[in-house]
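Following: one structure in structure tokens, then a few remarks.
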Amino acid sequence: MIGKKKKALLSAILGVSLLACVSSNAMAAPYTQKDLNEQGVMGLLWVQTSAEYRELCYQAYNAAMMQVDKAVANHKKGDKPLAIVLDADETVLNNSALQASYIGTNNSFNPKTWTKWVDAAQAKAMPGATKFLQGVAAKGVAIFYVSNRDEKKELAGTIKNMKALGFPDADAQHCLFKTDTGNKMGRFEQVAKKYDIVVFLGDNAGDMPLNTYHKSMEERNAIIDAHASLFGTKFIALPNPEYGDWEGSLAKGYWGMTPAQKDKVRKEHLYKWRQ
């Protein structure tokens, strides 16, 4: 009888333990934006601390300057004036401090917070950006910042920030910001009517005149592959592991997904080696 009592007691204890485990799992906290934000730590650290990030910035600006020098040397009287076209954010302006502020919180990008950040005018220049831009201006080449910052809400704050960093052509004429669409093709064409565009610089495929706007991941990659020979000459890409249109192209309706759904989609796209 003693053996049976011990068995019964043990079974009861195990049952309670299993029930507690099931109950604990059932009551586990949902996957939150705070959890998802943790995935950005390594990319942000790389941007803010690594020598390699600086290398790639210098490399991009040096490559662009080589094209500017060549265009200036070949420019003839009667030709259209020369210009470069570039994005602002993560192309010459480093916004990683804002991105880092989300870590450890349930906050994420939203237009109101973004506008506050722009108004604060605290974005830093990317390594080599100021020297590059001043060098371009010194050669008589116009600079057009074609950005998807909001023209009405964010132009003044951006100009203030750019001027503080020593960026030339920081004015309403040269800052072509978003009005009705994030597709930059129309603004590129606007510049091309009056200027010979030497080079395009950006951290996003949409910063190049390649019609990648709202395209799928497969379409975007195919377009870039088809223009591979132009990168490093006509098109100069800057490093940005923090955010971009590439993320939204991972799945239809991505930006409306929950943090848990985004986590699932991200991990489903990882190419893995299995032993």
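Order determines the names: the first chain of the structure tokens is A, the second B, and so forth; residues in each chain are numbered 1 upward, and ligands are numbered 1 upward as they are shown.
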Within 8 Å of Asp203 in chain A, counting only C-alpha atoms, which residues qualify if same-chain residues fewer than 5 places away don't, as a list of chain:residue names? A:Asp87, A:Glu90, A:Thr91, A:Ala237, A:Leu238, A:Pro239, A:Asn240
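For the choices A:Met217, A:Val85, A:Ala137, A:Cys57, the atom-to-atom distance to Lys252 in chain A is smallest for A:Met217 when using only C-alpha atoms.
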Residues near range 258-274 of chain A, cut-off 7 Å, only C-alpha atoms, skip fewer than 5 positions along chain, as a list in words: Tyr31, Thr32, Gln33 and Leu36 of chain A
Among range 12-147 of chain A, which ones does DSSP assign to strand (DSSP E) (computed from the backbone)? Answer as an MDAnalysis selection string. chainID A and resid 82:86 93:94 124:125 142:147
Which one is closest to Leu56 in chain A: A:Tyr243, A:Gly78, A:Ile236, A:Leu98? Count only C-alpha atoms. A:Ile236
Could you please write out, as a VMD selection string, every residue of range 22-251 of chain A that DSSP assigns to alpha helix (DSSP H)? chain A and resid 22 to 26 33 to 37 41 to 49 51 to 74 96 to 100 111 to 120 129 to 138 151 to 164 185 to 194 217 to 226 245 to 248
For range 138-147 of chain A, list every protein, DNA or RNA residue within 6 Å, evaluated using only C-alpha atoms, and leave out those in the same chain fewer than 4 positions away; present the list as a ChimeraX atom specification. /A:82-88,174-177
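Counting only C-alpha atoms and comparing A:Tyr195, A:Tyr61, A:Phe200, A:Trp246, the residue that lies closest to Pro127 in chain A is A:Tyr61.
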Set the distance at 12 Å and use only C-alpha atoms: which residues neighbour Thr179 in chain A once local chain neighbours fewer than 3 positions away are removed? I'd like the list as a PyMOL selection string. chain A and resi 146-155+175-176+182-184+186-187
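Minimum distance to Tyr213 in chain A across A:Asn106, A:Thr158, A:Ser229, A:Ser249 (counting only C-alpha atoms) occurs at A:Ser249.
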Which one of A:Glu219, A:Asp35, A:Asp180, A:Asp79 sits closest to Thr105 in chain A if you count only C-alpha atoms? A:Asp35
